[in-house]
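Heads up, protein-v3.txt below (compact mmCIF, C-alpha atoms):
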```txt
# COMPACT_ATOMS: atom_id res chain seq x y z
CA SER S 26 98.24 88.18 62.26
CA THR S 27 100.68 86.65 59.87
CA GLY S 28 99.23 83.19 60.23
CA ALA S 29 95.74 84.53 59.60
CA GLU S 30 96.96 86.26 56.45
CA ALA S 31 98.52 83.11 55.11
CA SER S 32 95.51 80.92 55.78
CA SER S 33 92.38 82.98 55.40
CA ALA S 34 92.70 85.07 52.22
CA GLY S 35 92.31 83.10 49.03
CA GLY S 36 92.80 84.25 45.45
CA ALA S 37 90.06 86.06 43.62
CA GLY S 38 90.13 87.94 40.35
CA GLY S 39 90.86 91.64 40.19
CA GLY S 40 93.75 94.07 40.51
CA GLY S 41 94.60 97.10 42.60
CA PRO S 42 94.34 97.49 46.34
CA PRO S 43 91.34 95.79 47.94
CA PRO S 44 89.52 98.75 49.51
CA PRO S 45 87.38 97.74 52.48
CA PRO S 46 83.94 97.15 50.97
CA PRO S 47 80.80 98.60 52.47
CA PRO S 48 78.42 96.13 54.07
CA PRO S 49 76.37 94.50 51.30
CA THR S 50 73.16 96.13 50.14
CA ASP S 51 71.36 92.81 50.44
CA ILE S 52 71.39 92.15 54.17
CA ALA S 53 68.42 89.83 54.31
CA ALA S 54 70.49 87.21 56.13
CA ASP S 55 70.93 89.51 59.12
CA ASP S 56 67.22 90.38 59.18
CA ASN S 57 66.19 86.74 58.81
CA VAL S 58 68.46 85.52 61.61
CA CYS S 59 68.15 88.43 64.02
CA GLY S 60 65.21 90.50 62.83
CA SER S 61 67.32 93.67 62.98
CA LEU S 62 70.62 95.24 62.03
CA ASN S 63 71.18 95.98 65.71
CA ILE S 64 71.97 92.65 67.30
CA PRO S 65 72.95 91.55 70.80
CA TYR S 66 76.26 89.87 71.50
CA GLY S 67 76.89 89.13 75.14
CA GLU S 68 76.64 92.42 77.00
CA HIS S 69 77.02 94.48 73.82
CA SER S 70 74.62 95.80 71.20
CA ILE S 71 76.26 95.52 67.77
CA SER S 72 75.16 97.85 64.98
CA LEU S 73 75.54 96.50 61.46
CA GLU S 74 74.19 99.71 59.97
CA ARG S 75 76.43 101.52 57.50
CA PRO S 76 78.95 103.04 57.52
CA TRP S 77 81.44 100.78 59.26
CA ARG S 78 84.48 102.49 60.69
CA ARG S 79 87.75 102.45 58.69
CA VAL S 80 91.02 103.24 60.47
CA THR S 81 94.71 102.63 59.76
CA MET S 82 96.70 100.48 62.15
CA HIS S 83 98.98 103.44 62.85
CA ASP S 84 96.08 105.71 63.78
CA ILE S 85 94.28 103.24 66.04
CA VAL S 86 97.49 102.42 67.92
CA LYS S 87 98.14 106.15 68.35
CA GLU S 88 94.75 106.40 70.07
CA GLU S 89 96.14 104.07 72.76
CA ILE S 90 99.69 105.51 72.78
CA PRO S 91 99.10 109.21 72.00
CA ASP S 92 102.63 110.30 72.91
CA PHE S 93 104.30 108.12 70.26
CA ASP S 94 103.76 107.95 66.49
CA PHE S 95 104.79 104.71 64.80
CA ALA S 96 104.13 106.30 61.42
CA THR S 97 107.03 108.72 61.76
CA THR S 98 109.65 106.70 63.65
CA GLU S 99 112.38 104.47 62.28
CA SER S 100 113.88 103.73 65.69
CA LEU S 101 113.27 100.18 66.85
CA THR S 102 114.59 101.10 70.29
CA ASP S 103 112.10 103.95 70.66
CA ALA S 104 109.25 101.79 69.38
CA LYS S 105 110.01 99.06 71.91
CA ALA S 106 110.29 101.60 74.72
CA ALA S 107 106.89 103.09 73.85
CA ALA S 108 105.30 99.65 73.66
CA MET S 109 106.74 98.52 76.99
CA ALA S 110 105.67 101.77 78.65
CA ALA S 111 102.13 101.02 77.44
CA GLY S 112 102.29 97.55 79.00
CA VAL S 113 102.65 95.52 75.80
CA PRO S 114 104.40 92.23 76.63
CA GLY S 115 106.93 90.31 74.58
CA VAL S 116 108.34 93.10 72.44
CA GLU S 117 111.94 92.78 73.60
CA GLY S 118 112.85 90.19 70.97
CA LEU S 119 111.04 91.79 68.02
CA GLN S 120 113.23 92.84 65.12
CA SER S 121 111.30 95.60 63.37
CA VAL S 122 109.12 98.62 64.06
CA GLY S 123 106.32 96.96 62.08
CA ASP S 124 106.35 93.92 64.36
CA VAL S 125 106.20 96.18 67.43
CA LEU S 126 103.31 98.14 65.91
CA ASN S 127 101.37 94.94 65.25
CA SER S 128 101.97 93.70 68.80
CA CYS S 129 100.65 97.00 70.16
CA PHE S 130 97.56 96.69 67.99
CA GLU S 131 96.84 93.11 69.06
CA GLU S 132 97.38 93.83 72.74
CA LEU S 133 95.87 97.32 73.12
CA CYS S 134 93.37 97.78 70.31
CA GLU S 135 91.91 94.53 69.01
CA PRO S 136 90.02 93.58 72.20
CA LYS S 137 88.30 97.00 72.16
CA LEU S 138 87.00 96.74 68.58
CA ILE S 139 83.43 95.86 69.51
CA GLN S 140 81.58 97.55 66.64
CA PRO S 141 82.43 96.46 63.06
CA THR S 142 85.72 98.10 62.08
CA PHE S 143 87.99 97.80 59.05
CA VAL S 144 91.66 98.13 60.05
CA ILE S 145 93.76 99.03 57.00
CA ASP S 146 97.41 99.57 55.98
CA TYR S 147 99.27 96.76 57.71
CA PRO S 148 103.07 96.63 58.10
CA VAL S 149 104.84 94.45 55.57
CA GLU S 150 106.57 92.42 58.30
CA VAL S 151 103.30 90.72 59.32
CA SER S 152 101.89 90.38 55.80
CA PRO S 153 104.21 88.08 53.83
CA LEU S 154 101.76 87.44 50.97
CA SER S 155 100.50 91.01 50.42
CA LYS S 156 101.47 93.45 47.69
CA PRO S 157 103.45 96.52 48.84
CA HIS S 158 101.33 99.63 49.29
CA ARG S 159 101.64 101.78 46.19
CA SER S 160 101.99 105.06 48.12
CA LYS S 161 103.02 104.19 51.70
CA GLU S 162 106.49 102.71 52.13
CA GLY S 163 106.75 99.82 54.58
CA LEU S 164 103.02 99.02 54.41
CA VAL S 165 100.93 96.66 52.30
CA GLU S 166 97.52 96.77 50.64
CA ARG S 167 95.64 94.80 53.25
CA PHE S 168 92.68 95.16 55.58
CA GLU S 169 91.00 93.07 58.25
CA LEU S 170 87.48 93.31 59.63
CA PHE S 171 87.02 93.18 63.40
CA ALA S 172 83.93 92.99 65.60
CA VAL S 173 83.29 91.97 69.21
CA GLY S 174 87.03 92.03 69.82
CA ARG S 175 88.11 89.52 67.19
CA GLU S 176 88.95 89.22 63.50
CA HIS S 177 86.13 88.24 61.14
CA ALA S 178 87.70 88.76 57.70
CA ASN S 179 91.08 89.30 56.08
CA SER S 180 91.80 90.67 52.61
CA PHE S 181 94.76 91.88 50.58
CA SER S 182 96.20 92.44 47.12
CA GLU S 183 98.27 89.35 46.36
CA LEU S 184 102.02 89.77 45.96
CA THR S 185 102.90 88.68 42.42
CA ASP S 186 106.65 89.44 42.39
CA PRO S 187 108.53 86.13 42.91
CA VAL S 188 111.77 87.87 43.97
CA ASP S 189 110.03 89.93 46.64
CA GLN S 190 108.00 86.89 47.70
CA ARG S 191 111.12 84.77 48.19
CA GLU S 192 112.68 87.46 50.36
CA ARG S 193 109.51 87.62 52.45
CA PHE S 194 109.38 83.84 52.83
CA GLU S 195 113.03 83.72 53.89
CA ALA S 196 112.39 86.43 56.49
CA GLN S 197 109.43 84.40 57.75
CA ALA S 198 111.52 81.23 57.92
CA THR S 199 114.08 83.08 60.04
CA LYS S 200 111.30 84.15 62.41
CA LYS S 201 109.99 80.59 62.59
CA ALA S 202 113.44 79.24 63.41
CA ALA S 203 113.61 81.78 66.23
CA GLY S 204 110.36 80.45 67.70
CA ASP S 205 107.60 82.48 66.02
CA GLU S 206 104.73 79.99 65.79
CA GLU S 207 102.77 82.13 63.32
CA ALA S 208 105.63 82.48 60.82
CA CYS S 209 105.66 80.36 57.68
CA ASP S 210 108.31 78.42 55.76
CA VAL S 211 109.64 78.99 52.24
CA ASP S 212 107.06 77.55 49.81
CA GLU S 213 109.03 76.54 46.74
CA ASP S 214 105.96 75.31 44.82
CA PHE S 215 104.25 78.65 45.29
CA LEU S 216 107.38 80.52 44.21
CA THR S 217 107.64 78.36 41.09
CA ALA S 218 104.04 79.23 40.23
CA LEU S 219 104.77 82.95 40.67
CA GLU S 220 107.82 82.65 38.41
CA GLN S 221 105.57 81.32 35.64
CA GLY S 222 103.43 84.44 35.94
CA MET S 223 100.47 85.54 38.05
CA PRO S 224 97.92 88.20 37.07
CA PRO S 225 96.87 90.98 39.44
CA THR S 226 94.92 89.21 42.13
CA GLY S 227 93.09 90.00 45.35
CA GLY S 228 91.85 87.72 48.11
CA LEU S 229 89.17 87.84 50.77
CA GLY S 230 88.74 85.30 53.55
CA ILE S 231 85.73 85.40 55.87
CA GLY S 232 85.56 83.41 59.11
CA ILE S 233 82.12 81.87 58.62
CA ASP S 234 82.21 80.23 62.05
CA ARG S 235 82.90 83.58 63.73
CA LEU S 236 80.21 85.25 61.64
CA VAL S 237 77.68 82.65 62.78
CA MET S 238 78.82 83.17 66.38
CA LEU S 239 78.11 86.89 65.99
CA LEU S 240 74.68 86.45 64.41
CA THR S 241 73.55 83.83 66.90
CA ASN S 242 75.06 85.41 70.03
CA ALA S 243 77.14 82.28 70.62
CA PRO S 244 79.98 82.73 73.16
CA SER S 245 81.95 79.66 72.07
CA ILE S 246 83.03 78.51 68.63
CA ARG S 247 82.08 74.96 69.63
CA ASP S 248 78.47 76.09 69.68
CA VAL S 249 78.49 76.76 65.94
CA ILE S 250 80.79 74.04 64.54
CA ALA S 251 78.82 71.01 63.38
CA PHE S 252 81.54 68.51 64.24
CA PRO S 253 83.97 70.02 66.77
CA LEU S 254 87.08 68.09 67.74
CA LEU S 255 86.59 66.98 71.32
CA ARG S 256 88.75 64.92 73.63
CA PRO S 257 87.37 61.51 74.60
CA ASP S 258 85.78 61.27 78.02
CA GLY S 259 88.43 60.62 80.66
CA ASP S 260 91.25 62.05 78.51
CA SER S 261 93.21 64.32 80.81
CA LYS S 262 95.89 65.32 78.27
```

Is it possible to give me this structure as structure tokens?
Amino acid sequence: STGAEASSAGGAGGGGPPPPPPPPTDIAADDNVCGSLNIPYGEHSISLERPWRRVTMHDIVKEEIPDFDFATTESLTDAKAAAMAAGVPGVEGLQSVGDVLNSCFEELCEPKLIQPTFVIDYPVEVSPLSKPHRSKEGLVERFELFAVGREHANSFSELTDPVDQRERFEAQATKKAAGDEEACDVDEDFLTALEQGMPPTGGLGIGIDRLVMLLTNAPSIRDVIAFPLLRPDGDSK
């Protein structure tokens, strides 16, 4: 999601696209916590053995909507019609094929990603901080890691072009004004920093709380947060 991109991937040195890394060679943490690379989570058995699946967002959505290919269409009308026929809600007001593609992924695909899976090649419309893909127009150099039906990590090449970044921010601000809660505002301080110059940069953000949930078979995030925010007793709001 756009909000996840903005909040979870921080800067780290390095240039070029951030290819989804293989699981680390040193996996002692998994063995120490669980005693195995095959771990239980609810009713599922999760395999952390390599290799982890890698799939583009276009390809995984096509698995759910085989009669329509988002990778070859430029028709927003056709994209919306395909999404609605597949039962994806809330696409009527979307303004780009990329937004419709992302909605289809979140509704149809993400809940089914039980085993560790890298989803790559995101549409630019939902990735306002990511560098454009160097060989695929309309996409960015970004991946997310999913397991047990939810995101666990987010990574992308950082956009370093201040002109492009301003245009992306302004598009996001328009979405926010229209009611998109995940859209962001124009960040003038960040743009000023980009105008001074930014080296090739990549970012990776890992949801440590979700990772601990996975390793400890915890169904609720409150079970793994040391100091969760709770309502006072008797607070009915």

* Asked: Near Ala208 of chain S, within 9 Å and counting all atoms listed in the file, which residues show up once chain neighbours fewer than 6 positions away are dropped, as a PyMOL selection string?
  -> chain S and resi 27-28+151+194+196-202

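Shortest atom-to-atom contact with Ala218 of chain S among S:Arg247, S:Asp186, S:Glu68, S:Thr241: S:Asp186, counting all atoms listed in the file.
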
* Asked: Taking all atoms listed in the file into account, which of S:Ala251, S:Ala106, S:Cys134, S:Ile145 comes nearest His158 of chain S?
  -> S:Ile145

* Long-range neighbours of Phe130 of chain S as a PyMOL selection string, 9 Å cut-off, all atoms listed in the file, 3 positions minimum in chain -> chain S and resi 82-83+85-86+89+125-127+133-135

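Comparing the minimum interatomic distances between Gly204 of chain S and each of S:Tyr147, S:Arg159, S:Ala178, S:Gly118, counting only C-alpha atoms, we find that S:Gly118 sits nearest.
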
* Structure fact -> Using only C-alpha atoms, the best pick from S:Ser180, S:His69, S:Arg167, S:Arg191 as closest to Lys137 of chain S would be S:His69

* Of the residues S:Val58, S:Cys129, S:Leu229, S:Ile71, which is the one nearest to Asp84 of chain S, using only C-alpha atoms? -> S:Cys129
